[in-house]
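*Asks:* Before I ask anything, here is the structure I am working with.
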Amino acid sequence: MRHEHKIHDRHRHDGDRGDALTHGARRYEFGAAVGFLGRRRRVYDGLVALSGARPGDRVLDVGCGTGYLTRRVARAVAPDGYVVGVDPSSSVIGYAADHAPDNGAFEIARAQALPYADASFDVVVSSLAMHHVPSEDRAAALREMRRVLRPGGRLLIVDYREQPRHLVVANLIGALSRHAAQHSPADDLTELVADAGFRITAVGDRWPSLRYVQGERPGASGTN
């Protein structure tokens, strides 16, 4: 399905401000590469496999940041699938749009108010984003993810565990890791996903210090 246009021009920034925003996004990309000790691609391709995304699927990445996971998913759903990444930050969306795959697009949007019709996607993924959503808004964000999934659609939520096992990685990640540890919803993720109306299909841990929850929107395709 190729009916979205890429979001480019309206998220570009001019002059010094644009340079600063781009620099911040690049710094985030560098920090993420260091934090994963050179294994970022392997880790994220493992998450793509956990999502169940396959060729032809339409996928939404909620809290996509600079779009790294979005781009890995785009490879998995090609040539006929499509992926959309959303994030409330204009700076990271601007960077992501400049690196968008041919079968992908990026938009500014909050998890609590996704600008898509009911049952628009086959798969919804969200990686290292839920700890940025205020705790009082997480239930609403997950209900929105359920709403935009088709019946039988698949959900993958990934975030840091509250107590990272790999202290070396935690120290390298630095402030990002500390923020995640302080605000991580990992212990509550399974309950939150179930309360939003998903059927839990799997829960587990992945290196480095990640917790994932897989879910499915109940019902067969074409039903509510």
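Just so we're on the same page: first chain in the structure tokens is A, next is B, and so on; residues restart at 1 for each chain, and ligands are numbered from 1 in the order they show up.
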Hey, what does DSSP flag as strand (DSSP E or B) within region 85-139 of chain A? Can you give it to me as a ChimeraX atom specification?

*Replies:* /A:85-87,104-108,121-127

*Asks:* Within 10 Å of Glu191 (chain A), counting only C-alpha atoms, which residues qualify if same-chain residues fewer than 4 places away don't, as a list in words?

*Replies:* Ala139, Ala186, Asp187, Asp195, Ala196, Phe198, Ile200 and Val213 of chain A

*Asks:* Hey, can you spit out that residue selection with N, CA and C atoms as a CSV table (one decimal), in the first residue's frame?

*Replies:*
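Written file, part_11.csv:
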chain,number,residue,atom,x,y,z
A,139,ALA,N,-2.3,4.5,29.7
A,139,ALA,CA,-3.5,3.7,29.3
A,139,ALA,C,-4.2,4.2,28.1
A,186,ALA,N,8.1,-0.8,33.0
A,186,ALA,CA,8.3,-2.2,32.6
A,186,ALA,C,7.5,-3.1,33.5
A,187,ASP,N,7.5,-2.9,34.8
A,187,ASP,CA,6.8,-3.8,35.7
A,187,ASP,C,5.3,-3.7,35.5
A,195,ASP,N,-5.1,-4.5,30.0
A,195,ASP,CA,-6.3,-3.6,30.4
A,195,ASP,C,-6.7,-2.8,29.2
A,196,ALA,N,-5.9,-2.6,28.2
A,196,ALA,CA,-6.2,-1.8,27.0
A,196,ALA,C,-7.0,-2.7,26.0
A,198,PHE,N,-6.0,-5.9,24.8
A,198,PHE,CA,-5.2,-6.8,24.0
A,198,PHE,C,-5.1,-8.2,24.7
A,200,ILE,N,-2.6,-10.9,25.6
A,200,ILE,CA,-1.2,-11.1,25.7
A,200,ILE,C,-0.7,-12.4,25.1
A,213,VAL,N,6.6,-6.9,25.6
A,213,VAL,CA,5.2,-7.5,25.7
A,213,VAL,C,4.7,-7.6,24.3

*Asks:* Measuring atom to atom with only C-alpha atoms, identify which of A:Ala202, A:Ile108, A:Leu210, A:Leu50 is nearest to Ala96 (chain A).

*Replies:*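 Looking at the shortest contact to Ala96 (chain A), the residue is A:Ile108.
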
*Asks:* Any idea what's packed within 8 Å of Pro55 (chain A), counting only C-alpha atoms, ignoring anything in its chain fewer than 3 positions away? Could you give it as a ChimeraX atom specification?

*Replies:* /A:76-81

*Asks:* To one decimal in Å, tell me the separation between CA of Leu192 (chain A) and CA of Val83 (chain A).

*Replies:* 24.6 Å

*Asks:* Counting only C-alpha atoms, what is within 12 Å of region 101-106 of chain A, bar same-chain residues fewer than 3 positions away, as JSON, numbers by chain?

*Replies:* {"A": [1, 2, 3, 4, 5, 6, 7, 8, 9, 10, 11, 55, 56, 57, 58, 59, 60, 61, 62, 63, 64, 65, 66, 67, 68, 69, 70, 71, 72, 73, 74, 75, 76, 77, 78, 79, 80, 81, 82, 83, 84, 85, 86, 87, 88, 89, 90, 91, 92, 93, 94, 95, 96, 97, 98, 109]}

*Asks:* Work out how far CA of Val43 (chain A) is from CA of Glu216 (chain A), in Å to one decimal.

*Replies:*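 That distance, rounded to one decimal, is 22.2 Å.
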
*Asks:* Excluding region 148-163 of chain A and residues on its chain fewer than 3 positions from it, collect all residues at most 7 Å away from it, counting only C-alpha atoms, and give them as a PDB file with C-alpha atoms, in the first residue's frame.

*Replies:*
ATOM      1  CA  SER A  51       6.752  -7.843  16.089  1.00  0.00           C
ATOM      2  CA  TYR A 116      -5.361   7.536  11.956  1.00  0.00           C
ATOM      3  CA  ALA A 117      -8.641   5.773  11.285  1.00  0.00           C
ATOM      4  CA  ASP A 118      -9.765   2.702  13.178  1.00  0.00           C
ATOM      5  CA  ALA A 119      -8.194  -0.591  12.058  1.00  0.00           C
ATOM      6  CA  SER A 120      -5.600   1.159   9.838  1.00  0.00           C
ATOM      7  CA  PHE A 121      -2.589  -1.040  10.641  1.00  0.00           C
ATOM      8  CA  ASP A 122      -1.595  -4.691  10.746  1.00  0.00           C
ATOM      9  CA  VAL A 123       1.146  -4.154  13.343  1.00  0.00           C
ATOM     10  CA  VAL A 124       1.905  -1.481  15.949  1.00  0.00           C
ATOM     11  CA  VAL A 125       5.354  -1.274  17.538  1.00  0.00           C
ATOM     12  CA  SER A 126       6.739   1.034  20.208  1.00  0.00           C
ATOM     13  CA  SER A 127      10.345   0.832  21.404  1.00  0.00           C
ATOM     14  CA  LEU A 128      11.867   2.767  24.325  1.00  0.00           C
ATOM     15  CA  ALA A 129       9.042   5.299  24.156  1.00  0.00           C
ATOM     16  CA  MET A 130       6.531   4.401  26.870  1.00  0.00           C
ATOM     17  CA  GLU A 144      -5.198   4.350  20.815  1.00  0.00           C
ATOM     18  CA  MET A 145      -2.800   1.663  19.600  1.00  0.00           C
ATOM     19  CA  ALA A 180      14.327   5.239  31.870  1.00  0.00           C
ATOM     20  CA  ALA A 181      15.058   3.580  35.208  1.00  0.00           C
ATOM     21  CA  SER A 184      10.179   2.873  33.368  1.00  0.00           C
ATOM     22  CA  ALA A 186       8.330  -2.194  32.619  1.00  0.00           C
ATOM     23  CA  SER A 209      18.029  -4.694  29.835  1.00  0.00           C
ATOM     24  CA  LEU A 210      14.903  -4.640  27.674  1.00  0.00           C
ATOM     25  CA  ARG A 211      11.445  -5.933  28.550  1.00  0.00           C
ATOM     26  CA  TYR A 212       8.945  -6.696  25.784  1.00  0.00           C
ATOM     27  CA  VAL A 213       5.240  -7.460  25.692  1.00  0.00           C
ATOM     28  CA  GLN A 214       3.560  -8.936  22.624  1.00  0.00           C
ATOM     29  CA  GLY A 215      -0.182  -8.589  22.235  1.00  0.00           C
ATOM     30  CA  GLU A 216      -2.944  -9.126  19.730  1.00  0.00           C
ATOM     31  CA  ARG A 217      -6.170  -7.256  19.172  1.00  0.00           C
ATOM     32  CA  PRO A 218      -8.908  -9.899  19.589  1.00  0.00           C
ATOM     33  CA  GLY A 219     -11.198 -10.705  16.723  1.00  0.00           C
ATOM     34  CA  ALA A 220     -10.918 -11.881  13.154  1.00  0.00           C
ATOM     35  CA  SER A 221     -10.206  -9.486  10.296  1.00  0.00           C
ATOM     36  CA  GLY A 222     -13.347  -7.580   9.354  1.00  0.00           C
ATOM     37  CA  THR A 223     -14.911  -7.738  12.857  1.00  0.00           C
ATOM     38  CA  ASN A 224     -14.906  -5.273  15.746  1.00  0.00           C
TER      39      ASN A 224
END

*Asks:* Have a look at A:Asp188, A:Arg199, A:Pro134, A:Arg206 and name the one nearest to Asp45 (chain A); count only C-alpha atoms.

*Replies:*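 Result for the nearest residue to Asp45 (chain A): A:Arg206.
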
*Asks:* Report, in Å with one decimal, the straight-line distance from CA of Gly197 (chain A) to CA of His131 (chain A).

*Replies:* 20.2 Å

*Asks:* What residues in region 185-216 of chain A get the DSSP label helix (DSSP H, G or I)? Please answer as a list in words.

*Replies:* Ala186, Asp187, Asp188, Leu189, Thr190, Glu191, Leu192, Val193, Ala194 and Asp195 of chain A
